[in-house]
Each structure stands twice: as structure tokens, then as C-alpha cells.
There are 2 protein chains.
Amino acid sequence: MEITRRDLFKVSAAIAITGAMSRVALAADDPLPSWNEGAPKKAILDFVHATTDQGSPRFVPEPERIATFDQDGTLWVEHPMYTQVGYCLERVPAVVKAKPELANVEPFKTVLSGDREAIAKLPTSDLYKILGATLSGMSVDQFEAEVKKWLETARDPRWKQPYTALVYLPMIETLDYLRANGYKTYIVTGGGQDFVRQYSERTYRIPPEQVVGTAGGTTFGYDKSGRPFLTKDPKLLLNDNNAGKPEGIHMMIGRRPYAAFGNSTGDRQMCEYTKAGDGERLAMLVLHDDANREYAYGPAEGLPDTRVGTFTQALYDEAKSNGWTIISMKNDWKHIFGY
Amino acid sequence: MEITRRDLFKVSAAIAITGAMSRVALAADDPLPSWNEGAPKKAILDFVHATTDQGSPRFVPEPERIATFDQDGTLWVEHPMYTQVGYCLERVPAVVKAKPELANVEPFKTVLSGDREAIAKLPTSDLYKILGATLSGMSVDQFEAEVKKWLETARDPRWKQPYTALVYLPMIETLDYLRANGYKTYIVTGGGQDFVRQYSERTYRIPPEQVVGTAGGTTFGYDKSGRPFLTKDPKLLLNDNNAGKPEGIHMMIGRRPYAAFGNSTGDRQMCEYTKAGDGERLAMLVLHDDANREYAYGPAEGLPDTRVGTFTQALYDEAKSNGWTIISMKNDWKHIFGY
């Protein structure tokens, strides 16, 4: 039998799909089409080239390629309220139904009143009480089912979209591009690890085991039929904000990232830790300066620093003087959402 | 140009190396050559077939394929002493040199005396003091360098081999076989997470981020030049033994394993948790019943249960009545070591 060029082409195509050549094929197109040309897009492309080109003096072996992404305000919308806080507030009636004695106890009383202005003014200590009551005390399986159910029906008040639709398309492209180049992508969030894990795979193509977040402990036990299960504890094991981010990265990953993406002071130490490594390292911060298409807050608008997690002027200055890249939503992103 | 069968063969070979066909090629040979034919080998082969064959009613999608392995006594030798405890004891002189006031304080005084019999009799509480003093208080970088240096020169007293050579070849084959079938393999050890991570990739082809172990916290800070670094704390975050194993699996992986391998009561809850999942689940325990080629202890020899981590008669009975598979080192392993 004679084998034709056409046969060989078919076999070669199969290689391109299954093997290493798929990366070459991808690189031929623009891997970041939702980004405008400019310094941030160039920084990502240059970083990937410098760390993955075999001939580069700053080549990084594939197993060491770790990239970490904050979630709220970096991968998806965080205004006017963290999505998870919204979930917790909406869970309060169910919690009070199970424990009626809470109905007249603050802060539950205020939340039940539905008075949005009063709820918005609750101090952080009260917020933690609500988080504790709504994120612990149930089995892991029960919690996971509740979060999944909520996500199906909950809608953002401004865009009337499911929260998982409000992810930033340019960042999804960045995640895909890094992965196509051998990077393992992680979420490193101040949000609840167990909460984010319920949608990370579907929304970001990041599996649960690559979600590092604020985490409480669990307690192993047996139900009446002797079946083992885990109960979510109120005890905090990891506060994955600020210094807790590099600490959480060490605990959960055990390697220093080569690239880190954030948008607030809560990501400062993660960026510092990343940039302090040898060789080529990338730190990028998303600046929310697009009130029309999303929101504008932080130094772009001179807004006051009322929350943990704000992009302060001090952070902006540190980024500028240490070679971190600022991403302007307004100027650098051609599209914001993909829905 | 005419393309010959030989050209096509070359291209096909390239596919076999790079793509999915490599699995087919592997499966044609015996993937577990160091195992004798018998129930345990069959259990592994049947499990993989049932969970990875697309036509199987118990097929498991690839992202959910998680297998967890205890380390000491399951993947490598744990007698006469856990390797890490040996490391800690050998670190005591350096710790005392840095803090001379410890020289006359127990248990450091006994360790410095070199009296093996007295050292072997130290109570667990004293052992924890030694672990605390030798595994914390230094930077993460310093600790990692010390462990790597120690592993290069330390030798097991019986076999005169580096500890990392004393891994069980049949288990290495099992790790490889599971990975070749899309399983993500994890170590879930009572040993120190940071300790095991220093050699897991080279020894087991398990990357640091897939090592779950007993873990202390770290504290983020800056050195005199302003460079950020992490210091290892004595504070325990995760005691990855007994109930701590499923708790650690939830914290670090967030998915229930489909297969779990252990050898002691410390692995009981991990096996129970694994088997309690839906569909096909595998739990296997290594029984040390080969005094000639390795050691014999536990129910095989009626040895007393003096340590946490012993294979008790109660564990043996639970395994037998719940469909866990007992691996007899003596009968089921053709070879034990690969060095």
C-alpha cells in the first residue's frame, strides 16, 4: 500500500490536537483578543515568552510554573458587595428558622429587617458573626449543595446576570493563555475556599484543589448509620488576606508563584512575595477606573479607603516603584464581560 | 515524494509518546510487574478498569480521579523510626549550638547524650518538643536547604542506603499506573508537609502541591533589606493523622478520593471516608509481614500496639469486614525495593 501525503497530513493533525503542537497552533493567533495593545498585554506576552522559551536565560521548568489570581475584583465583579457576603446575608432567614432564638439578636435582627441602609452600615465584627453562622455548623455536603443551588438563581442587581457570568473576559483569556503555556493556575482569595470551589472549575477551569482561600476547619464524625462525614467548623484555619496570602500559598502549594494578579491591598504581600523570587516574575494589579462599563474606585477616583481590599494610593505607589504592572480596565480591556 | 510505511511508523511513534495513545501502549504490558498475581494486584487493575473505561457504569471523569497515599510504612520504610524523627534528632546539636541554654534541659540533654536506649524511651510529649524545636523558628528557605542537605548524606542503618532509596517498588508502580490512567496522586501523611515536599517530586513524582501533611503555620515578614520571607511557626495548623487525614484532604484537595492506601490506624478515617463515597472506591492497607526482606509488625506478628500508627487487630478486622484490601508484603510483592 502506498501512503500519500494526505494520510501523513491526517496523522500530523492528530498530533497537533493531542500533543505539544497544540501550543504552537494557539500561539499563532492572538491569545489575548479582549486586551487592547499596550503595556499590560505586552507584559503578559513577554513574561510567558521569557519563562517558557527553552532558549531563554529565564526559562522556568514546567512543574515550577505557578500563577496565582485573587478573585474578587480581579477575576470577577466585587461591587457593590462581595458575592459571598450576599450569599451569607440571604442565608440568614434559613439560619434563624433553624435557631429561632437569633431572631431578636443583632446583627441577625437587622439583616431580617431588610433595611439595606442599616445592613450596609453593619460593622465588620457583625459581618464576621453572619459569616460564621452561615458558613459553618452544617455538613460539607449540605453546604456545597446550598451554594450550588443559590448560584443557579441569584442575580447581580445591576446586570441581572448570574454572578458567575460577571467574570472578566480578559482575565479568562489570561488564565487560558498561561495554562496553554504550562502554567498551573490558582485562585488565592480572601473569599471562602469552600465557597469558591463550588464554581471554580466551571467558571474559571480551575479545579477545587487549586483554590486557596480563607478556610475554617472541619470535624470528622459519623452519622447515625455509621457513615463518616465532615462538619464545617467556625474555627478559622487560614485568613487568606494580606500576609495570609503568601502564608496560604506556602501551605497549599509549597512553591513561590512566578506570576500574581490582584487588585487591592489584600494582594500586596502576595505580589511582594512573588516578585522577590529569582528570575522573571510578574505582578499585575487591576485598577477599577471604568464607571461606565463596570465601576471606578480606588486611586483612580480618589475614593476613600473604607474597606479592607481597597486599592490605596500607597499600593499604587508601591506598584509603580517596584515594576508591578497596573491594568486599567478602561484603557487596557477591549471587552470586560463575555456573557 | 513517496512516503513510506516507515515514515508513517515514525509519526505514529511520536503520537504514542506525546498523546493519549501512550496509555494504550502501557496497558499492553503488565503495569505492575513487581506485584505477584493475587487479590491485591487484581483489586488495583479492576478498580482502574471500572473507573476509567468509558463504557463502565462506574466511570469517573478524569478531573475527579484522586488517589491518596499515606507515606511512612505505605510508600517507604518506617522502621525502626520515622525518617523525619531521625532528621529531628540529628538536628538537635545544631539547635543547642544556637541556643546553648537548652543543653541541660530535657529532652535535649538526653538526645545530646547519644544514649540510644534512653532516646528510644522518650515519651511522646518530649518527642513533640524536639519536633517543635527542630522544625520551626527558621525561614522556610533555610529549612528546605537543611532537609535537602541531610537527605543527601543520611543513610538507613540496616540497608546503608539513602532513605529515598527505601521506597517500595510495587507502590511506585501503583502510583505510575494510576497517573497513566488520569489519576492525580497525593501523599497524605502524618509526617511534616514541608519535610516530605523536599523529595516528593524526585522520589515519587508527586509535586509539592500534592503533598498533604502535618503542617505548622508560617509568618510573613521582611528581612533587614526589605525582602519578604516566611518563618516556620511552632503553631500546629493541621495534625494529619487519624481524623485529621480526611479533614486535611478536604482542606487541601476539596474532593473525596476514589482510592486510598495506608498501613496503620492513622489511615483508618481516610479509608472510611474514601469508601463512603458513591461508585467504585478502593481502600488498601499494607501489612508488614516480611521480617526477612523488610519488617514484620502489627497483627501479623501479634506485636503490641505501642505507637500511634500501628496496624492493630481492630483495624485488620474493620478492613476485612468492609471490603478493604490487605496487601501482604511477603506474599503480594515480588520485589520490595528498586535500588
# chains A, B, ... in the order shown; residues from 1 in each chain; ligands from 1
>>> residues_around(residues="Tyr186 in chain B", least_positions_apart="3", cutoff="8 Å", atoms="only C-alpha atoms", output="list in words")
Ile66, Ala67, Thr68, Phe69, Ile206, Gln210, Val211 and Val212 of chain B
>>> select_by_dssp(residues="range 124-294 of chain A", states="helix (DSSP H, G or I)", output="ChimeraX atom specification")
/A:124-135,140-153,163-165,169-180,193-196,200-204,208-210,244-252,265-275
>>> closest_residue(among="A:Pro257, A:Gly55, A:Pro80, A:Gly262", to="chain B", atoms="only C-alpha atoms")
A:Pro257
>>> select_by_dssp(residues="range 54-217 of chain B", states="strand (DSSP E)", output="PDB file with all heavy atoms, in the first residue's frame")
ATOM      1  N   ILE B  66      -8.895  11.081  42.056  1.00  0.00           N
ATOM      2  CA  ILE B  66      -7.950  11.437  43.122  1.00  0.00           C
ATOM      3  C   ILE B  66      -7.586  10.158  43.868  1.00  0.00           C
ATOM      4  O   ILE B  66      -8.470   9.401  44.268  1.00  0.00           O
ATOM      5  CB  ILE B  66      -8.602  12.427  44.115  1.00  0.00           C
ATOM      6  CG1 ILE B  66      -9.067  13.717  43.417  1.00  0.00           C
ATOM      7  CG2 ILE B  66      -7.666  12.731  45.295  1.00  0.00           C
ATOM      8  CD1 ILE B  66      -7.988  14.678  43.040  1.00  0.00           C
ATOM      9  N   ALA B  67      -6.290   9.941  44.053  1.00  0.00           N
ATOM     10  CA  ALA B  67      -5.827   8.803  44.855  1.00  0.00           C
ATOM     11  C   ALA B  67      -4.870   9.319  45.919  1.00  0.00           C
ATOM     12  O   ALA B  67      -3.988  10.127  45.624  1.00  0.00           O
ATOM     13  CB  ALA B  67      -5.133   7.772  43.973  1.00  0.00           C
ATOM     14  N   THR B  68      -5.064   8.885  47.155  1.00  0.00           N
ATOM     15  CA  THR B  68      -4.247   9.386  48.264  1.00  0.00           C
ATOM     16  C   THR B  68      -3.437   8.256  48.882  1.00  0.00           C
ATOM     17  O   THR B  68      -3.938   7.146  49.071  1.00  0.00           O
ATOM     18  CB  THR B  68      -5.130  10.042  49.345  1.00  0.00           C
ATOM     19  OG1 THR B  68      -6.136   9.110  49.760  1.00  0.00           O
ATOM     20  CG2 THR B  68      -5.808  11.294  48.817  1.00  0.00           C
ATOM     21  N   PHE B  69      -2.197   8.556  49.213  1.00  0.00           N
ATOM     22  CA  PHE B  69      -1.259   7.572  49.758  1.00  0.00           C
ATOM     23  C   PHE B  69      -0.646   8.085  51.052  1.00  0.00           C
ATOM     24  O   PHE B  69      -0.018   9.146  51.056  1.00  0.00           O
ATOM     25  CB  PHE B  69      -0.118   7.307  48.754  1.00  0.00           C
ATOM     26  CG  PHE B  69      -0.542   6.577  47.529  1.00  0.00           C
ATOM     27  CD1 PHE B  69      -1.228   7.233  46.514  1.00  0.00           C
ATOM     28  CD2 PHE B  69      -0.261   5.228  47.375  1.00  0.00           C
ATOM     29  CE1 PHE B  69      -1.630   6.554  45.370  1.00  0.00           C
ATOM     30  CE2 PHE B  69      -0.658   4.543  46.234  1.00  0.00           C
ATOM     31  CZ  PHE B  69      -1.346   5.207  45.229  1.00  0.00           C
ATOM     32  N   LYS B 184      -4.813  11.763  39.726  1.00  0.00           N
ATOM     33  CA  LYS B 184      -3.908  12.690  40.373  1.00  0.00           C
ATOM     34  C   LYS B 184      -3.526  12.026  41.690  1.00  0.00           C
ATOM     35  O   LYS B 184      -4.402  11.662  42.483  1.00  0.00           O
ATOM     36  CB  LYS B 184      -4.675  13.997  40.642  1.00  0.00           C
ATOM     37  CG  LYS B 184      -3.890  15.257  40.409  1.00  0.00           C
ATOM     38  CD  LYS B 184      -4.822  16.468  40.389  1.00  0.00           C
ATOM     39  CE  LYS B 184      -4.060  17.761  40.191  1.00  0.00           C
ATOM     40  NZ  LYS B 184      -4.974  18.896  40.013  1.00  0.00           N
ATOM     41  N   THR B 185      -2.239  11.825  41.916  1.00  0.00           N
ATOM     42  CA  THR B 185      -1.789  11.114  43.118  1.00  0.00           C
ATOM     43  C   THR B 185      -1.320  12.111  44.179  1.00  0.00           C
ATOM     44  O   THR B 185      -0.586  13.052  43.886  1.00  0.00           O
ATOM     45  CB  THR B 185      -0.645  10.145  42.775  1.00  0.00           C
ATOM     46  OG1 THR B 185       0.391  10.858  42.094  1.00  0.00           O
ATOM     47  CG2 THR B 185      -1.138   9.017  41.888  1.00  0.00           C
ATOM     48  N   TYR B 186      -1.769  11.882  45.400  1.00  0.00           N
ATOM     49  CA  TYR B 186      -1.409  12.721  46.540  1.00  0.00           C
ATOM     50  C   TYR B 186      -0.766  11.873  47.636  1.00  0.00           C
ATOM     51  O   TYR B 186      -1.160  10.725  47.847  1.00  0.00           O
ATOM     52  CB  TYR B 186      -2.663  13.362  47.152  1.00  0.00           C
ATOM     53  CG  TYR B 186      -3.191  14.549  46.400  1.00  0.00           C
ATOM     54  CD1 TYR B 186      -3.979  14.372  45.265  1.00  0.00           C
ATOM     55  CD2 TYR B 186      -2.917  15.851  46.811  1.00  0.00           C
ATOM     56  CE1 TYR B 186      -4.471  15.466  44.567  1.00  0.00           C
ATOM     57  CE2 TYR B 186      -3.413  16.947  46.117  1.00  0.00           C
ATOM     58  CZ  TYR B 186      -4.189  16.754  44.995  1.00  0.00           C
ATOM     59  OH  TYR B 186      -4.677  17.837  44.308  1.00  0.00           O
ATOM     60  N   ILE B 187       0.178  12.473  48.334  1.00  0.00           N
ATOM     61  CA  ILE B 187       0.623  11.912  49.606  1.00  0.00           C
ATOM     62  C   ILE B 187      -0.217  12.571  50.692  1.00  0.00           C
ATOM     63  O   ILE B 187      -0.399  13.796  50.691  1.00  0.00           O
ATOM     64  CB  ILE B 187       2.125  12.184  49.829  1.00  0.00           C
ATOM     65  CG1 ILE B 187       2.947  11.334  48.858  1.00  0.00           C
ATOM     66  CG2 ILE B 187       2.528  11.899  51.274  1.00  0.00           C
ATOM     67  CD1 ILE B 187       4.420  11.629  48.880  1.00  0.00           C
ATOM     68  N   VAL B 188      -0.747  11.758  51.600  1.00  0.00           N
ATOM     69  CA  VAL B 188      -1.475  12.284  52.761  1.00  0.00           C
ATOM     70  C   VAL B 188      -0.829  11.629  53.989  1.00  0.00           C
ATOM     71  O   VAL B 188      -1.112  10.488  54.317  1.00  0.00           O
ATOM     72  CB  VAL B 188      -2.977  11.990  52.673  1.00  0.00           C
ATOM     73  CG1 VAL B 188      -3.704  12.478  53.924  1.00  0.00           C
ATOM     74  CG2 VAL B 188      -3.584  12.659  51.438  1.00  0.00           C
ATOM     75  N   THR B 189       0.073  12.362  54.597  1.00  0.00           N
ATOM     76  CA  THR B 189       0.973  11.788  55.593  1.00  0.00           C
ATOM     77  C   THR B 189       0.869  12.467  56.954  1.00  0.00           C
ATOM     78  O   THR B 189       0.619  13.679  57.021  1.00  0.00           O
ATOM     79  CB  THR B 189       2.441  11.902  55.092  1.00  0.00           C
ATOM     80  OG1 THR B 189       3.330  11.472  56.131  1.00  0.00           O
ATOM     81  CG2 THR B 189       2.818  13.324  54.718  1.00  0.00           C
ATOM     82  N   GLY B 190       1.066  11.683  58.000  1.00  0.00           N
ATOM     83  CA  GLY B 190       1.210  12.272  59.330  1.00  0.00           C
ATOM     84  C   GLY B 190       2.533  13.003  59.471  1.00  0.00           C
ATOM     85  O   GLY B 190       2.718  13.815  60.372  1.00  0.00           O
ATOM     86  N   GLY B 191       3.450  12.730  58.568  1.00  0.00           N
ATOM     87  CA  GLY B 191       4.746  13.416  58.573  1.00  0.00           C
ATOM     88  C   GLY B 191       4.601  14.877  58.195  1.00  0.00           C
ATOM     89  O   GLY B 191       3.529  15.333  57.788  1.00  0.00           O
ATOM     90  N   GLY B 192       5.677  15.617  58.335  1.00  0.00           N
ATOM     91  CA  GLY B 192       5.639  17.053  58.079  1.00  0.00           C
ATOM     92  C   GLY B 192       5.496  17.357  56.597  1.00  0.00           C
ATOM     93  O   GLY B 192       6.245  16.858  55.767  1.00  0.00           O
ATOM     94  N   VAL B 211       1.274  17.227  48.167  1.00  0.00           N
ATOM     95  CA  VAL B 211       1.656  16.633  49.444  1.00  0.00           C
ATOM     96  C   VAL B 211       0.819  17.292  50.538  1.00  0.00           C
ATOM     97  O   VAL B 211       0.888  18.504  50.741  1.00  0.00           O
ATOM     98  CB  VAL B 211       3.148  16.845  49.746  1.00  0.00           C
ATOM     99  CG1 VAL B 211       3.490  16.344  51.149  1.00  0.00           C
ATOM    100  CG2 VAL B 211       4.012  16.135  48.703  1.00  0.00           C
ATOM    101  N   VAL B 212       0.016  16.485  51.212  1.00  0.00           N
ATOM    102  CA  VAL B 212      -0.768  16.942  52.361  1.00  0.00           C
ATOM    103  C   VAL B 212      -0.129  16.290  53.582  1.00  0.00           C
ATOM    104  O   VAL B 212       0.046  15.078  53.614  1.00  0.00           O
ATOM    105  CB  VAL B 212      -2.234  16.479  52.242  1.00  0.00           C
ATOM    106  CG1 VAL B 212      -3.047  16.949  53.440  1.00  0.00           C
ATOM    107  CG2 VAL B 212      -2.845  16.942  50.928  1.00  0.00           C
ATOM    108  N   GLY B 213       0.252  17.094  54.551  1.00  0.00           N
ATOM    109  CA  GLY B 213       0.889  16.513  55.725  1.00  0.00           C
ATOM    110  C   GLY B 213       0.623  17.343  56.951  1.00  0.00           C
ATOM    111  O   GLY B 213      -0.060  18.375  56.894  1.00  0.00           O
ATOM    112  N   THR B 214       1.159  16.882  58.062  1.00  0.00           N
ATOM    113  CA  THR B 214       1.058  17.668  59.276  1.00  0.00           C
ATOM    114  C   THR B 214       1.782  18.989  59.029  1.00  0.00           C
ATOM    115  O   THR B 214       2.898  19.002  58.513  1.00  0.00           O
ATOM    116  CB  THR B 214       1.667  16.883  60.448  1.00  0.00           C
ATOM    117  OG1 THR B 214       0.854  15.719  60.654  1.00  0.00           O
ATOM    118  CG2 THR B 214       1.692  17.716  61.716  1.00  0.00           C
ATOM    119  N   ALA B 215       1.111  20.078  59.363  1.00  0.00           N
ATOM    120  CA  ALA B 215       1.646  21.383  58.954  1.00  0.00           C
ATOM    121  C   ALA B 215       1.517  22.408  60.057  1.00  0.00           C
ATOM    122  O   ALA B 215       0.470  22.546  60.676  1.00  0.00           O
ATOM    123  CB  ALA B 215       0.923  21.878  57.702  1.00  0.00           C
ATOM    124  N   GLY B 216       2.595  23.111  60.284  1.00  0.00           N
ATOM    125  CA  GLY B 216       2.560  24.288  61.138  1.00  0.00           C
ATOM    126  C   GLY B 216       2.301  25.501  60.276  1.00  0.00           C
ATOM    127  O   GLY B 216       2.377  25.436  59.051  1.00  0.00           O
ATOM    128  N   GLY B 217       1.976  26.598  60.921  1.00  0.00           N
ATOM    129  CA  GLY B 217       1.794  27.832  60.170  1.00  0.00           C
ATOM    130  C   GLY B 217       3.128  28.454  59.819  1.00  0.00           C
ATOM    131  O   GLY B 217       4.187  27.967  60.212  1.00  0.00           O
TER     132      GLY B 217
END
>>> residues_around(residues="range 144-152 of chain B", least_positions_apart="5", cutoff="7 Å", atoms="only C-alpha atoms", output="JSON list (two decimals) with C-alpha atoms, in the first residue's frame")
[["chain", "number", "residue", "atom", "x", "y", "z"],
["B", 162, "PRO", "CA", 19.68, 6.89, 51.32],
["B", 195, "PHE", "CA", 9.67, 17.88, 55.06],
["B", 198, "GLN", "CA", 11.62, 18.37, 49.69]]
>>> residues_around(residues="Gly226 in chain B", least_positions_apart="4", cutoff="10 Å", atoms="only C-alpha atoms", output="PyMOL selection string")
(chain A and resi 276) or (chain B and resi 221-222)
>>> residues_around(residues="Ile119 in chain A", least_positions_apart="6", cutoff="12 Å", atoms="only C-alpha atoms", output="PyMOL selection string")
chain A and resi 81+85-86+89-90+106-113+126-127+130
>>> residues_around(residues="Ser328 in chain B", least_positions_apart="6", cutoff="7 Å", atoms="only C-alpha atoms", output="ChimeraX atom specification")
/B:286-289
>>> atom_distance(atom1="CA of Arg179 in chain A", atom2="CA of Ser34 in chain A")
17.1 Å
